[in-house]
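Colleague: One structure follows; several queries about it will come next.
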6 protein chains.
Amino acid sequence: MTDRKTKGREIRNASYGAEGVKYWENLHAISPAHADAIHEYVFGTIWDRPALDPRTRHLLTLVIAVSMDAMTEVMMQTRGALNRGASREEILETILHCAPYVGFPKTNHAFRAAKSVFDQWDEKHEDWKPLVTE
Amino acid sequence: MTDRKTKGREIRNASYGAEGVKYWENLHAISPAHADAIHEYVFGTIWDRPALDPRTRHLLTLVIAVSMDAMTEVMMQTRGALNRGASREEILETILHCAPYVGFPKTNHAFRAAKSVFDQWDEKHEDWKPLVTE
Amino acid sequence: MTDRKTKGREIRNASYGAEGVKYWENLHAISPAHADAIHEYVFGTIWDRPALDPRTRHLLTLVIAVSMDAMTEVMMQTRGALNRGASREEILETILHCAPYVGFPKTNHAFRAAKSVFDQWDEKHEDWKPLVTE
Amino acid sequence: MTDRKTKGREIRNASYGAEGVKYWENLHAISPAHADAIHEYVFGTIWDRPALDPRTRHLLTLVIAVSMDAMTEVMMQTRGALNRGASREEILETILHCAPYVGFPKTNHAFRAAKSVFDQWDEKHEDWKPLVTE
Amino acid sequence: MTDRKTKGREIRNASYGAEGVKYWENLHAISPAHADAIHEYVFGTIWDRPALDPRTRHLLTLVIAVSMDAMTEVMMQTRGALNRGASREEILETILHCAPYVGFPKTNHAFRAAKSVFDQWDEKHEDWKPLVTE
Amino acid sequence: MTDRKTKGREIRNASYGAEGVKYWENLHAISPAHADAIHEYVFGTIWDRPALDPRTRHLLTLVIAVSMDAMTEVMMQTRGALNRGASREEILETILHCAPYVGFPKTNHAFRAAKSVFDQWDEKHEDWKPLVTE
């Protein structure tokens, strides 16, 4: 039986690829307890629930990132959404939708962050493409 | 040709019913310019775009409301999401998804707010059901 | 020579009247150090500087209150602004101006809070009118 | 062996008493997955770590609650801090310390919320006192 | 008759100059609908209302930028305020006024951002000076 | 008798060393009134109170910095906490404790910021070590 941490790493890898491995395993080196919680609880429990599919979860998380004005996370969710089947149009529309609720400054930042992901997509493909566990 | 303010009021009515009429027309009495912007720009332009359907837009806006710890808006989006075809399970799952990103306190508040909408659904049905313009 | 705490209480009284006395003296009973800082530093130092007049300071503080989604403070600043010479139109325009930057939900709340102050203005006049120290 | 959810409920009970049972078991009825995460991960893993004692954890969480302007949580953390050995003076000093960093409005709210807990302490003692599992 | 989008671009140009053209036209290339809303609704409707003059609107927006800890926007509003007739002293006093309400860290950041605009004012004058439409 | 501003600078120097001198004296050059308030009120009044020791105050302020997603401040508080006797383990545990309350993204950022301070500790020791006034 696959335990939740292993399952969480698989879900993480399918969303964020080699860049995600680097990001969360570096975090694991700083705080194992924190990274364990992310792998076991966030990816291995919440994201594993079938009530919402990964593509939708990335769009919801993108909205949170826009609300928090957190551009690292806007870029991560944009990459994850693309890897899980969202189109560029859906991603831009999701950011557009936030504008009247969170204000224009945060939305302006997010559009530019998403665009920077689109622009680097081909060049960074090796780092960003899904890693699928056999 | 339907202008954007009229279109916006139709979209509003289909999401929020009589309670929405009261909410935004009261706001119109306080600041006509503000309510006009909401009807013309938010509902009549953004929400009218086909790239995301109303059900999805309500779930995205629900996430913003949870992020802002704004319970009036959590309750409004819960009602709108139900009117536009989301299930109670999807609404609860959307709130659950927010927990690791926005923190547990805001999520706790949101679960209770959504639950209070579910509990009042039958009793308040006349005020909350969609108003459809012929 | 008037010390800064005394000066601060005079400025407070001219903005918030008897209701302000009650609010900050109750706070003084809970934490003298905190209320002293408010009287000495906030009202007695910052607000006493001539580079911005009290009417402008209330409009700026109103904007902060809208940004924080803090309705008690929106109502306090609305009362202070009116006591210091701002018109109802300027107060509503200040709230309107915030909408595209802080988002519509917070602005909606603020319009209703300001309106509730306008509506109670005559009835609450004894508590809210400026107290002027001889 | 005590599992983490059971351990988490014990830690919760020692901090929040019967009122905490009611709060989180009601939440469990709305979203079992969410309440399970709180019991297993927040109380049963984080709070169980010896690197910080429960009294310190309540003061740290109180600071977060002040920063979020979340008065339900300020009151909960005040009760938890008292149950875990903090003095009223330490709680007030913790709130005072926040003022220059998070701003005076949030701190004003928090002082009043903490004071309301102090004022109800004797009357609500049955609901608030620690529940200790044998 | 000048339509609202054209009017909005004129108001934008008078506040932000060539740098503003670049900023919002780049945004237009990413999301035409979003930039259209900014030009039509934010600049062309809100900013065009006579109830508050542009100099005051920049100071109010500066306060929002400080509240949001958004340094790009603090710098933009500082430039706009200077272009619309505010003095450096008024800008610094506006930031100072925020300190007790939003906390010292955000205010510290804003002072440094405003100072960086003052320091680059002569060098960047061609990009930042108002563009006036004939 | 030592006045509060002088006392405040001593407390500042013992927490932040030469880097703190540079930071707040640069701020003094931009806004003397603001830096005076920090030295007199924040460091010279609040931090001088014996009800909480400096080590605890740094951990509390660290939590505020995590809550605000303010990495400059996370790094400053990490350095101050180390200078005032906190261990690296206590600092990491304090950040870990924030995760369920403020969300994982802010906590992820904070872990990396604290780690960067640990990693530069030896190299930057001259700038960061406490300055003690005779």
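Residue numbers start at 1 in each chain; chains themselves are named A, B, ... in the order of the structure tokens; ligands are numbered from 1 in the order shown.
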So that I can check the surroundings of Glu93 of chain F, please list as JSON, numbers by chain every protein, DNA and RNA residue that reaches within 12 Å of it, counting only C-alpha atoms and ignoring chain neighbours fewer than 6 positions away.
Modeller: {"A": [30, 31, 32, 33, 34], "D": [46, 47, 48, 49, 50, 51, 52, 53, 56, 57, 60], "F": [59, 62, 63, 86, 87, 99, 107, 110, 111, 114]}
Colleague: Hey, could you make a per-residue contact list for chain B against chain D with 12 Å as the cut-off, showing the nearest pair of atoms and its distance in Å to one decimal, counting only C-alpha atoms, sorted by chain and number, as CSV?
Modeller:
```
residue,atom,partner,partner_atom,distance
B:Ser67,CA,D:Met68,CA,11.1
B:Met68,CA,D:Met68,CA,10.0
B:Asp69,CA,D:Ala70,CA,8.8
B:Ala70,CA,D:Ala70,CA,11.1
B:Arg88,CA,D:Ile30,CA,10.9
B:Glu89,CA,D:Ser31,CA,9.8
B:Glu90,CA,D:Ser31,CA,11.9
B:Ile91,CA,D:Ser31,CA,11.1
B:Leu92,CA,D:Ser31,CA,7.3
B:Glu93,CA,D:Ser31,CA,8.7
B:Thr94,CA,D:Ser31,CA,11.4
B:Ile95,CA,D:His34,CA,9.4
B:Leu96,CA,D:His34,CA,6.3
B:His97,CA,D:His34,CA,9.3
B:Cys98,CA,D:His34,CA,10.4
B:Ala99,CA,D:His34,CA,8.0
B:Pro100,CA,D:Ala37,CA,9.9
B:Val102,CA,D:Met68,CA,11.0
B:Gly103,CA,D:Met68,CA,10.5
B:Phe104,CA,D:Ile38,CA,8.0
B:Pro105,CA,D:Glu73,CA,7.4
B:Lys106,CA,D:Ala70,CA,8.7
B:Thr107,CA,D:His34,CA,8.9
B:Asn108,CA,D:Leu27,CA,7.3
B:His109,CA,D:Thr72,CA,9.5
B:Ala110,CA,D:Leu27,CA,10.5
B:Phe111,CA,D:Ile30,CA,7.0
B:Arg112,CA,D:Leu27,CA,7.5
B:Ala113,CA,D:Ile30,CA,10.6
B:Ala114,CA,D:Ile30,CA,9.4
B:Lys115,CA,D:Ile30,CA,7.1
B:Ser116,CA,D:Ile30,CA,10.4
B:Phe118,CA,D:Ile30,CA,10.7
B:Asp119,CA,D:Ile30,CA,11.4
```
Colleague: Atom CA of Ile64 of chain C and atom CA of Tyr41 of chain F, how far apart in Å?
Modeller: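 Between atom CA of Tyr41 of chain F and atom CA of Ile64 of chain C the gap is 21.8 Å.
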Colleague: Of the candidates F:Glu19, F:Glu10, F:Asp36, F:Asp3, which shows the shortest atom-to-atom distance to Lys124 of chain F, using only C-alpha atoms?
Modeller: F:Glu19
Colleague: Quick one, how far is atom CA of Gln120 of chain B from atom CA of Arg79 of chain B?
Modeller: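 These atoms are spaced 10.4 Å apart.
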